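Here is the structure we will look at, set down as structure tokens.
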Amino acid sequence: MSRKNYILMGCMLLMFIVVSCTQKAPQNESSSDTEVNYIALGDSISLAAQQGLMKQLMMAMESGGPEYAVNFCSERAIPITDSLSNKYECEIKRVALRNRNPDNAVTTEDKVVYDDFAEGLASGSALQPQVVEQEKAMLFYKPIVLGMPACLKCHGKPDDLDPNALTAIQSRYPNDKAVDFSLGELRGMWRITFSKQ
Ligand code: HEC
């Protein structure tokens, strides 16, 4: 399949997912005490966010190459997830142990789930999203496994990294820890925070 078709398919998928999420989002029926299915909700929101980011990333790579995409992503990655956060009244973040953006570092609590995903991946078990209940919030986590060779241009080992992208990365993120990854490794997690009413 050509890259154009791939992008087109991605866009169509995104539209479908955004539509289906809207339908699944909990209604504000104050009388209803039906328990929210945070796994299903988190799953569809993170999927929509992932597709949104992926679409922008592919378009940026296509139009300006990896170096342009680094600068584009660094300006757009957070706004894209923020706009979805507003739409679903939750906080959507990607967090990582070896993070690029200092704002995406794991907290002590995130680290517990991260370690669990890392162990699961190492032992070859299928990773399932997790929900952690806090006093005032429900935290949804979903692993992000590095699954596409294209990711390696900006997150891979020296031989896989795109040299121009690397220069752009180093100047924007002087404390970058998000290189040296291989395909199939745990790159990070989606973390969606729903506040409890
Ligand atoms: C063109 C370069 C580029 C490519 C290709 C790329 N990324 Fe990134 N990635 C970035 C940049 C830049 C950031 C920091 C974004 C920000 O400032 O929020 C980032 C951040 C992330 C984060 C958030 C955690 C962190 O370290 O800040 C994850 C997770 C991630 N990328 C996964 C992936 C995956 C999976 C792929 C392949 C589908 C991919 N990336 C492809 C440049 C890239």
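Chain labels run A, B, ... following the order of the structure tokens; each chain numbers its residues from 1, and ligands are numbered from 1 in the order shown.
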
**OP:** Report as a count of residues only which protein, DNA and RNA residues come within 8 Å of ligand 1, using only C-alpha atoms and all ligand atoms.
**Re:** 51

Residues within 12 Å of Val112 (chain A), only C-alpha atoms, excluding chain neighbours under 5 positions, as an mmCIF file with N, CA and C atoms, in the first residue's frame:
data_model
loop_
_atom_site.group_PDB
_atom_site.id
_atom_site.type_symbol
_atom_site.label_atom_id
_atom_site.label_comp_id
_atom_site.auth_asym_id
_atom_site.auth_seq_id
_atom_site.Cartn_x
_atom_site.Cartn_y
_atom_site.Cartn_z
ATOM 1 N N LEU A 97 9.356 6.420 30.793
ATOM 2 C CA LEU A 97 10.490 6.353 31.715
ATOM 3 C C LEU A 97 11.696 7.034 31.063
ATOM 4 N N VAL A 106 7.446 9.894 33.909
ATOM 5 C CA VAL A 106 6.523 9.108 34.736
ATOM 6 C C VAL A 106 6.582 9.601 36.187
ATOM 7 N N THR A 107 5.451 9.544 36.873
ATOM 8 C CA THR A 107 5.424 9.833 38.308
ATOM 9 C C THR A 107 5.718 8.511 39.025
ATOM 10 N N PHE A 117 3.901 -3.335 32.948
ATOM 11 C CA PHE A 117 3.852 -3.509 31.488
ATOM 12 C C PHE A 117 5.185 -4.054 30.968
ATOM 13 N N ALA A 118 6.288 -3.495 31.499
ATOM 14 C CA ALA A 118 7.613 -3.922 31.036
ATOM 15 C C ALA A 118 7.838 -5.402 31.342
ATOM 16 N N GLU A 119 7.427 -5.826 32.540
ATOM 17 C CA GLU A 119 7.570 -7.245 32.913
ATOM 18 C C GLU A 119 6.713 -8.132 32.024
ATOM 19 N N GLN A 130 -4.776 -0.795 32.068
ATOM 20 C CA GLN A 130 -5.076 -0.887 33.505
ATOM 21 C C GLN A 130 -5.744 0.380 33.992
ATOM 22 N N VAL A 132 -6.266 2.543 37.554
ATOM 23 C CA VAL A 132 -5.872 2.665 38.956
ATOM 24 C C VAL A 132 -6.800 3.676 39.614
ATOM 25 N N TYR A 141 -4.379 3.514 32.014
ATOM 26 C CA TYR A 141 -3.055 3.365 31.388
ATOM 27 C C TYR A 141 -3.099 2.373 30.237
ATOM 28 N N MET A 189 3.555 5.044 27.839
ATOM 29 C CA MET A 189 2.153 4.676 28.101
ATOM 30 C C MET A 189 1.265 5.889 27.860
#

Subject >> For Asp43 (chain A), the nearest of the candidates A:Tyr173, A:Asp115, A:Ile192, A:Asp82, counting only C-alpha atoms >> reply: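 Counting only C-alpha atoms, the residue closest to Asp43 (chain A) is A:Ile192.
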
Could you pull out the helix (DSSP H, G or I) residues of region 16-151 of chain A, going by DSSP on the backbone, and write them as a compact mmCIF listing (two decimals) with N, CA and C atoms, in the first residue's frame?
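This is the output file out_33.txt:
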# COMPACT_ATOMS: atom_id res chain seq x y z
N PHE A 16 -13.83 7.73 11.92
CA PHE A 16 -14.72 6.69 12.44
C PHE A 16 -14.60 6.59 13.96
N ILE A 17 -13.34 6.62 14.42
CA ILE A 17 -13.13 6.45 15.86
C ILE A 17 -13.68 7.63 16.64
N VAL A 18 -13.43 8.85 16.10
CA VAL A 18 -13.91 10.04 16.82
C VAL A 18 -15.43 9.97 16.92
N VAL A 19 -16.08 9.54 15.82
CA VAL A 19 -17.53 9.43 15.84
C VAL A 19 -17.97 8.39 16.87
N SER A 20 -17.32 7.23 16.84
CA SER A 20 -17.79 6.19 17.75
C SER A 20 -17.51 6.56 19.21
N CYS A 21 -16.43 7.35 19.47
CA CYS A 21 -16.14 7.78 20.83
C CYS A 21 -17.24 8.69 21.33
N THR A 22 -17.65 9.61 20.46
CA THR A 22 -18.67 10.57 20.87
C THR A 22 -19.90 9.81 21.35
N GLN A 23 -20.18 8.72 20.65
CA GLN A 23 -21.37 7.97 21.05
C GLN A 23 -21.16 7.22 22.36
N LYS A 24 -19.92 6.81 22.58
CA LYS A 24 -19.68 6.02 23.78
C LYS A 24 -19.47 6.85 25.04
N TYR A 38 -14.32 2.66 32.58
CA TYR A 38 -13.13 3.46 32.29
C TYR A 38 -12.18 2.77 31.32
N ILE A 39 -12.17 1.45 31.32
CA ILE A 39 -11.29 0.74 30.39
C ILE A 39 -11.75 1.01 28.95
N ALA A 40 -13.05 0.85 28.71
CA ALA A 40 -13.56 1.04 27.36
C ALA A 40 -13.43 2.50 26.93
N LEU A 41 -13.74 3.41 27.87
CA LEU A 41 -13.68 4.83 27.55
C LEU A 41 -12.24 5.26 27.30
N GLY A 42 -11.35 4.86 28.21
CA GLY A 42 -9.94 5.19 28.06
C GLY A 42 -9.37 4.64 26.76
N ASP A 43 -9.79 3.42 26.45
CA ASP A 43 -9.31 2.76 25.25
C ASP A 43 -9.71 3.54 24.00
N SER A 44 -10.95 3.99 23.95
CA SER A 44 -11.36 4.68 22.73
C SER A 44 -10.76 6.08 22.66
N ILE A 45 -10.60 6.74 23.81
CA ILE A 45 -10.00 8.08 23.78
C ILE A 45 -8.52 7.98 23.38
N SER A 46 -7.81 7.01 23.96
CA SER A 46 -6.38 6.92 23.63
C SER A 46 -6.19 6.53 22.16
N LEU A 47 -7.11 5.74 21.65
CA LEU A 47 -7.03 5.36 20.24
C LEU A 47 -7.24 6.59 19.35
N ALA A 48 -8.22 7.42 19.71
CA ALA A 48 -8.48 8.63 18.93
C ALA A 48 -7.26 9.56 19.00
N ALA A 49 -6.67 9.69 20.19
CA ALA A 49 -5.51 10.56 20.35
C ALA A 49 -4.33 10.03 19.54
N GLN A 50 -4.15 8.71 19.59
CA GLN A 50 -3.04 8.09 18.86
C GLN A 50 -3.20 8.30 17.35
N GLN A 51 -4.42 8.09 16.88
CA GLN A 51 -4.67 8.27 15.44
C GLN A 51 -4.47 9.72 15.05
N GLY A 52 -4.87 10.64 15.93
CA GLY A 52 -4.71 12.06 15.64
C GLY A 52 -3.24 12.42 15.52
N LEU A 53 -2.45 11.94 16.48
CA LEU A 53 -1.01 12.23 16.46
C LEU A 53 -0.36 11.59 15.24
N MET A 54 -0.75 10.34 14.98
CA MET A 54 -0.14 9.58 13.89
C MET A 54 -0.42 10.26 12.54
N LYS A 55 -1.63 10.73 12.38
CA LYS A 55 -2.02 11.39 11.14
C LYS A 55 -1.15 12.64 10.93
N GLN A 56 -1.02 13.45 11.99
CA GLN A 56 -0.24 14.68 11.90
C GLN A 56 1.23 14.35 11.63
N LEU A 57 1.72 13.30 12.32
CA LEU A 57 3.12 12.92 12.17
C LEU A 57 3.40 12.48 10.74
N MET A 58 2.53 11.62 10.19
CA MET A 58 2.73 11.11 8.84
C MET A 58 2.66 12.25 7.82
N MET A 59 1.72 13.16 8.04
CA MET A 59 1.60 14.28 7.11
C MET A 59 2.83 15.16 7.17
N ALA A 60 3.35 15.39 8.38
CA ALA A 60 4.53 16.23 8.52
C ALA A 60 5.75 15.55 7.90
N MET A 61 5.87 14.22 8.09
CA MET A 61 7.00 13.48 7.53
C MET A 61 6.94 13.54 6.01
N GLU A 62 5.74 13.39 5.49
CA GLU A 62 5.52 13.39 4.05
C GLU A 62 5.84 14.76 3.44
N SER A 63 5.38 15.82 4.10
CA SER A 63 5.54 17.13 3.49
C SER A 63 6.92 17.72 3.73
N GLY A 64 7.55 17.45 4.88
CA GLY A 64 8.81 18.14 5.14
C GLY A 64 9.94 17.25 5.63
N GLY A 65 9.71 15.94 5.71
CA GLY A 65 10.78 15.05 6.18
C GLY A 65 10.87 15.03 7.69
N PRO A 66 11.70 14.11 8.23
CA PRO A 66 11.78 13.89 9.68
C PRO A 66 12.18 15.13 10.49
N GLU A 67 13.08 15.96 9.92
CA GLU A 67 13.55 17.10 10.70
C GLU A 67 12.38 18.08 10.91
N TYR A 68 11.64 18.34 9.83
CA TYR A 68 10.48 19.21 9.92
C TYR A 68 9.47 18.61 10.90
N ALA A 69 9.32 17.29 10.83
CA ALA A 69 8.33 16.61 11.68
C ALA A 69 8.67 16.76 13.16
N VAL A 70 9.96 16.76 13.49
CA VAL A 70 10.36 16.93 14.90
C VAL A 70 9.85 18.28 15.40
N ASN A 71 10.13 19.33 14.62
CA ASN A 71 9.73 20.66 15.06
C ASN A 71 8.22 20.78 15.09
N PHE A 72 7.59 20.18 14.09
CA PHE A 72 6.15 20.22 14.01
C PHE A 72 5.53 19.49 15.21
N CYS A 73 6.05 18.28 15.49
CA CYS A 73 5.50 17.48 16.59
C CYS A 73 5.69 18.17 17.90
N SER A 74 6.85 18.82 18.06
CA SER A 74 7.11 19.38 19.37
C SER A 74 6.15 20.54 19.61
N GLU A 75 5.69 21.18 18.53
CA GLU A 75 4.71 22.24 18.73
C GLU A 75 3.28 21.72 18.77
N ARG A 76 3.05 20.60 18.11
CA ARG A 76 1.66 20.14 17.96
C ARG A 76 1.24 18.99 18.86
N ALA A 77 2.19 18.17 19.32
CA ALA A 77 1.81 16.96 20.06
C ALA A 77 0.92 17.29 21.26
N ILE A 78 1.31 18.30 22.02
CA ILE A 78 0.54 18.62 23.22
C ILE A 78 -0.81 19.26 22.87
N PRO A 79 -0.84 20.28 21.94
CA PRO A 79 -2.16 20.79 21.55
C PRO A 79 -3.14 19.72 21.06
N ILE A 80 -2.67 18.72 20.32
CA ILE A 80 -3.59 17.70 19.81
C ILE A 80 -4.20 16.93 20.98
N THR A 81 -3.36 16.51 21.92
CA THR A 81 -3.91 15.76 23.04
C THR A 81 -4.76 16.68 23.93
N ASP A 82 -4.36 17.99 24.03
CA ASP A 82 -5.15 18.92 24.84
C ASP A 82 -6.56 19.11 24.29
N SER A 83 -6.68 19.16 22.96
CA SER A 83 -8.02 19.42 22.42
C SER A 83 -8.92 18.22 22.70
N LEU A 84 -8.36 17.02 22.65
CA LEU A 84 -9.16 15.84 23.01
C LEU A 84 -9.49 15.85 24.49
N SER A 85 -8.52 16.31 25.31
CA SER A 85 -8.74 16.38 26.77
C SER A 85 -9.95 17.26 27.07
N ASN A 86 -10.00 18.40 26.39
CA ASN A 86 -11.13 19.31 26.63
C ASN A 86 -12.43 18.66 26.21
N LYS A 87 -12.37 17.97 25.07
CA LYS A 87 -13.59 17.37 24.55
C LYS A 87 -14.14 16.32 25.51
N TYR A 88 -13.26 15.53 26.10
CA TYR A 88 -13.73 14.44 26.96
C TYR A 88 -13.61 14.74 28.44
N PRO A 102 10.43 16.85 28.86
CA PRO A 102 10.54 16.74 30.32
C PRO A 102 9.16 16.66 30.99
N ASP A 103 8.15 17.18 30.29
CA ASP A 103 6.80 17.19 30.83
C ASP A 103 6.15 15.79 30.77
N ASN A 104 6.78 14.86 30.08
CA ASN A 104 6.20 13.52 29.92
C ASN A 104 6.85 12.45 30.81
N THR A 108 5.88 8.58 40.35
CA THR A 108 6.13 7.36 41.12
C THR A 108 4.98 6.36 40.91
N GLU A 109 3.76 6.91 40.85
CA GLU A 109 2.60 6.04 40.65
C GLU A 109 2.58 5.41 39.26
N ASP A 110 2.90 6.23 38.25
CA ASP A 110 2.94 5.72 36.87
C ASP A 110 3.95 4.58 36.76
N LYS A 111 5.06 4.75 37.49
CA LYS A 111 6.18 3.82 37.37
C LYS A 111 5.76 2.39 37.76
N VAL A 112 4.85 2.28 38.73
CA VAL A 112 4.38 0.96 39.16
C VAL A 112 3.73 0.23 37.98
N VAL A 113 2.87 0.97 37.26
CA VAL A 113 2.18 0.38 36.12
C VAL A 113 3.16 0.13 34.98
N TYR A 114 4.05 1.09 34.78
CA TYR A 114 5.05 0.96 33.73
C TYR A 114 5.88 -0.32 33.92
N ASP A 115 6.33 -0.54 35.15
CA ASP A 115 7.13 -1.74 35.45
C ASP A 115 6.33 -3.01 35.17
N ASP A 116 5.05 -2.94 35.48
CA ASP A 116 4.18 -4.09 35.24
C ASP A 116 4.08 -4.39 33.74
N PHE A 117 3.90 -3.33 32.95
CA PHE A 117 3.85 -3.51 31.49
C PHE A 117 5.18 -4.05 30.97
N ALA A 118 6.29 -3.49 31.50
CA ALA A 118 7.61 -3.92 31.04
C ALA A 118 7.84 -5.40 31.34
N GLU A 119 7.43 -5.83 32.54
CA GLU A 119 7.57 -7.24 32.91
C GLU A 119 6.71 -8.13 32.02
N GLY A 120 5.48 -7.68 31.79
CA GLY A 120 4.55 -8.43 30.95
C GLY A 120 5.12 -8.61 29.55
N LEU A 121 5.68 -7.53 29.03
CA LEU A 121 6.24 -7.58 27.68
C LEU A 121 7.42 -8.55 27.62
N ALA A 122 8.27 -8.48 28.66
CA ALA A 122 9.44 -9.35 28.71
C ALA A 122 9.04 -10.82 28.80
N PRO A 149 8.72 0.77 12.00
CA PRO A 149 10.10 1.19 11.69
C PRO A 149 10.23 2.71 11.60
N ALA A 150 9.17 3.42 11.19
CA ALA A 150 9.25 4.88 11.07
C ALA A 150 9.57 5.55 12.40
N CYS A 151 9.16 4.93 13.50
CA CYS A 151 9.42 5.52 14.82
C CYS A 151 10.93 5.60 15.08

Subject >> Members of region 39-106 of chain A assigned strand (DSSP E) by DSSP, as a PyMOL selection string >> reply: chain A and resi 91-95

Now that the selection is made, can you save its residues with C-alpha atoms as a PDB file, in the first residue's frame?
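Writing done, so here's result.pdb:
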ATOM      1  CA  GLU A  91      -6.314  14.785  30.959  1.00  0.00           C
ATOM      2  CA  ILE A  92      -4.625  12.831  28.188  1.00  0.00           C
ATOM      3  CA  LYS A  93      -0.880  12.364  28.324  1.00  0.00           C
ATOM      4  CA  ARG A  94       1.838  10.139  27.004  1.00  0.00           C
ATOM      5  CA  VAL A  95       4.358   9.399  29.728  1.00  0.00           C
TER       6      VAL A  95
END

Subject >> Shortest interatomic distance to Lys157 (chain A) - which of A:Ser182, A:Phe140, A:Arg191, A:Arg172, counting only C-alpha atoms >> reply: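 Under the stated criterion, the closest residue is A:Ser182.
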
**OP:** Work out how far apart CA of Leu139 (chain A) and CA of Val36 (chain A) are and give it in Å to one decimal.
**Re:**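 Atom-to-atom, CA of Leu139 (chain A) to CA of Val36 (chain A), that is 12.7 Å.
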
Original post:
Rounded to one decimal in Å, what is the spacing between CA of Leu186 (chain A) and CA of Asp160 (chain A)?
Top reply: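 Straight-line distance from CA of Leu186 (chain A) to CA of Asp160 (chain A) works out to 17.3 Å.
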
Original post:
What separation in Å, quoted to one decimal, exists between CA of Glu35 (chain A) and CA of Lys142 (chain A)?
Top reply: 20.2 Å
